[in-house]
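Below is one structure; the comments refer to it alone.
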Amino acid sequence: MGNLHSHAFSSSTRSPAHASKRNMDKDSDWVKLVSSDGYSFLVKRNVATVSGTLKTMLSTDSTFREALANTCSISERAVLVEKICEYMSFKAQYEAGGPKEEVPLNEFTERIPPEIALELLLAADYLEV
């Protein structure tokens with residue numbers, strides 16, 4: 001079964017002009033998250049590692065298959081993986097903004113359909129986001 005659909009998520013963090021090439025290369029790494037129903041989501045590594053579970057899976061110090069292939073299979077439906085990717089991107093963006101920036105939490109929570117809220121909570125708990 002081929003991938004049915006793909007999405008890309010990244011945070012809008014700005015790199016300082018003096019950032020090292022190594023850091024810029026690391027931030028430009030993309031990983032693929034694949035849902036249980038075959039959808040693929042391309043996510044910047046710094047966004048994916050907001051999740052403690054994905055951070056462990058993608059650690060370059062590990063020999064996990066996911067780290068070697070830059071691909072993680074997530075045993076959740078695409079509708080849930082998409083919302084988790086949105087949240088990780090949202091969190092990465094506002095964590096980089098500093099403490100003075102107001103976080104528009106309603107902007108994110110209003111986009112969660114009530115019918116997936118419980119499943120989303122369980123998936124987020126497993127992924128440690």
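Identifiers for the structure tokens are assigned positionally: chains receive A, B, ... in sequence, residues are indexed from 1 per chain, and ligands are indexed from 1 in the order shown.
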**Request:** Just list the residues in stretch 7-124 of chain A DSSP gives helix (DSSP H, G or I) on the backbone, as an MDAnalysis selection string.
**Result:** chainID A and resid 21:27 45:48 52:58 65:69 78:96 105:109 114:124
**Spatial neighbours of A:Thr56, max dist 12 Å, only C-alpha atoms, sep filter under 2 positions, as a list in words** =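 Near A:Thr56, the qualifying residues are Arg45, Ala48, Thr49, Val50, Ser51, Gly52, Thr53, Leu54, Leu58, Ser59, Thr60, Asp61, Ser62, Thr63, Phe64, Arg65, Glu66, Ala67, Cys72, Leu127 and Glu128 of chain A.
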Resulting file, chosen residues, N, CA and C atoms, as a PDB file, in the first residue's frame:
```
ATOM      1  N   ARG A  45      13.351  17.887  11.996  1.00  0.00           N
ATOM      2  CA  ARG A  45      13.850  17.124  13.144  1.00  0.00           C
ATOM      3  C   ARG A  45      13.642  17.886  14.453  1.00  0.00           C
ATOM      4  N   ALA A  48      10.047  17.381  15.430  1.00  0.00           N
ATOM      5  CA  ALA A  48       9.746  16.001  15.841  1.00  0.00           C
ATOM      6  C   ALA A  48      10.303  15.695  17.225  1.00  0.00           C
ATOM      7  N   THR A  49      11.468  16.258  17.547  1.00  0.00           N
ATOM      8  CA  THR A  49      12.093  15.946  18.833  1.00  0.00           C
ATOM      9  C   THR A  49      11.473  16.714  19.995  1.00  0.00           C
ATOM     10  N   VAL A  50      10.402  17.464  19.734  1.00  0.00           N
ATOM     11  CA  VAL A  50       9.586  18.001  20.826  1.00  0.00           C
ATOM     12  C   VAL A  50       8.976  16.816  21.583  1.00  0.00           C
ATOM     13  N   SER A  51       8.713  15.731  20.863  1.00  0.00           N
ATOM     14  CA  SER A  51       8.194  14.497  21.453  1.00  0.00           C
ATOM     15  C   SER A  51       9.345  13.722  22.084  1.00  0.00           C
ATOM     16  N   GLY A  52       9.212  13.390  23.356  1.00  0.00           N
ATOM     17  CA  GLY A  52      10.242  12.600  24.025  1.00  0.00           C
ATOM     18  C   GLY A  52      10.427  11.235  23.385  1.00  0.00           C
ATOM     19  N   THR A  53       9.323  10.607  22.983  1.00  0.00           N
ATOM     20  CA  THR A  53       9.382   9.291  22.348  1.00  0.00           C
ATOM     21  C   THR A  53      10.097   9.366  21.008  1.00  0.00           C
ATOM     22  N   LEU A  54       9.719  10.336  20.172  1.00  0.00           N
ATOM     23  CA  LEU A  54      10.367  10.473  18.863  1.00  0.00           C
ATOM     24  C   LEU A  54      11.825  10.889  19.016  1.00  0.00           C
ATOM     25  N   LEU A  58      14.791   8.810  17.297  1.00  0.00           N
ATOM     26  CA  LEU A  58      15.600   9.457  16.264  1.00  0.00           C
ATOM     27  C   LEU A  58      17.000   9.834  16.726  1.00  0.00           C
ATOM     28  N   SER A  59      17.341   9.499  17.957  1.00  0.00           N
ATOM     29  CA  SER A  59      18.653   9.853  18.494  1.00  0.00           C
ATOM     30  C   SER A  59      19.772   9.256  17.646  1.00  0.00           C
ATOM     31  N   THR A  60      20.725  10.091  17.282  1.00  0.00           N
ATOM     32  CA  THR A  60      21.850   9.614  16.471  1.00  0.00           C
ATOM     33  C   THR A  60      22.768   8.705  17.279  1.00  0.00           C
ATOM     34  N   ASP A  61      22.624   8.701  18.596  1.00  0.00           N
ATOM     35  CA  ASP A  61      23.421   7.819  19.448  1.00  0.00           C
ATOM     36  C   ASP A  61      22.846   6.405  19.507  1.00  0.00           C
ATOM     37  N   SER A  62      21.636   6.230  18.988  1.00  0.00           N
ATOM     38  CA  SER A  62      20.997   4.915  19.067  1.00  0.00           C
ATOM     39  C   SER A  62      21.189   4.142  17.768  1.00  0.00           C
ATOM     40  N   THR A  63      20.845   2.878  17.838  1.00  0.00           N
ATOM     41  CA  THR A  63      20.874   2.045  16.632  1.00  0.00           C
ATOM     42  C   THR A  63      19.453   1.685  16.199  1.00  0.00           C
ATOM     43  N   PHE A  64      18.480   2.478  16.669  1.00  0.00           N
ATOM     44  CA  PHE A  64      17.101   2.238  16.263  1.00  0.00           C
ATOM     45  C   PHE A  64      16.977   2.378  14.756  1.00  0.00           C
ATOM     46  N   ARG A  65      16.168   1.537  14.182  1.00  0.00           N
ATOM     47  CA  ARG A  65      15.897   1.589  12.741  1.00  0.00           C
ATOM     48  C   ARG A  65      15.378   2.971  12.344  1.00  0.00           C
ATOM     49  N   GLU A  66      14.565   3.576  13.198  1.00  0.00           N
ATOM     50  CA  GLU A  66      14.001   4.894  12.915  1.00  0.00           C
ATOM     51  C   GLU A  66      15.093   5.952  12.773  1.00  0.00           C
ATOM     52  N   ALA A  67      16.118   5.875  13.617  1.00  0.00           N
ATOM     53  CA  ALA A  67      17.213   6.849  13.550  1.00  0.00           C
ATOM     54  C   ALA A  67      18.012   6.683  12.266  1.00  0.00           C
ATOM     55  N   CYS A  72       9.685   7.293  11.172  1.00  0.00           N
ATOM     56  CA  CYS A  72       9.040   6.683  12.336  1.00  0.00           C
ATOM     57  C   CYS A  72       7.618   6.288  11.980  1.00  0.00           C
ATOM     58  N   LEU A 127       3.423   9.668  23.070  1.00  0.00           N
ATOM     59  CA  LEU A 127       4.527  10.332  22.376  1.00  0.00           C
ATOM     60  C   LEU A 127       5.251  11.361  23.248  1.00  0.00           C
ATOM     61  N   GLU A 128       4.753  11.571  24.457  1.00  0.00           N
ATOM     62  CA  GLU A 128       5.368  12.500  25.412  1.00  0.00           C
ATOM     63  C   GLU A 128       5.472  13.917  24.848  1.00  0.00           C
TER      64      GLU A 128
END
```
**Request:** Rounded to one decimal place, report the atom CA of A:Pro114-atom CA of A:Gln93 distance in Å.
**Result:**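 It comes out at 24.6 Å.
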Quick one: everything within 8 Å of A:Asp37, counting only C-alpha atoms, minus sequence neighbours fewer than 5 positions away in the same chain. Send it as a short mmCIF file (atom, residue, chain, number, x, y, z; two decimals) with N, CA and C atoms, in the first residue's frame.
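around.cif, written as the output of this step:
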```cif
data_model
loop_
_atom_site.label_atom_id
_atom_site.label_comp_id
_atom_site.auth_asym_id
_atom_site.auth_seq_id
_atom_site.Cartn_x
_atom_site.Cartn_y
_atom_site.Cartn_z
N GLU A 76 -1.05 5.32 14.98
CA GLU A 76 -2.26 6.14 15.13
C GLU A 76 -2.76 6.54 13.75
N ARG A 77 -4.05 6.87 13.66
CA ARG A 77 -4.63 7.32 12.40
C ARG A 77 -4.05 8.67 11.99
N ALA A 78 -4.10 8.95 10.71
CA ALA A 78 -3.52 10.19 10.17
C ALA A 78 -4.12 11.44 10.79
#
```
**Item:** Best match for closeness to A:Lys55 among A:Ser35, A:Thr71, A:Thr109, A:Ser40, counting only C-alpha atoms
**Value:**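 Checking each of A:Ser35, A:Thr71, A:Thr109, A:Ser40 against A:Lys55, counting only C-alpha atoms, the winner is A:Thr71.
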**Message:** Considering only C-alpha atoms, can you say which of A:Ile112, A:Leu42, A:Ala123, A:Val129 comes closest to A:Lys91?
**Reply:**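 Result for the nearest residue to A:Lys91: A:Val129.
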**Message:** Can you pull out the residues contacting stretch 118-120 of chain A? Cut-off 8 Å, using only C-alpha atoms, and skip same-chain residues under 3 positions away; I want them as a PyMOL selection string.
**Reply:** chain A and resi 80+83-84+115+123-124
**Item:** Minimum-distance residue to A:Lys44, chosen among A:Trp30, A:Phe90, A:Tyr126, A:Phe108 (using only C-alpha atoms)
**Value:** A:Trp30
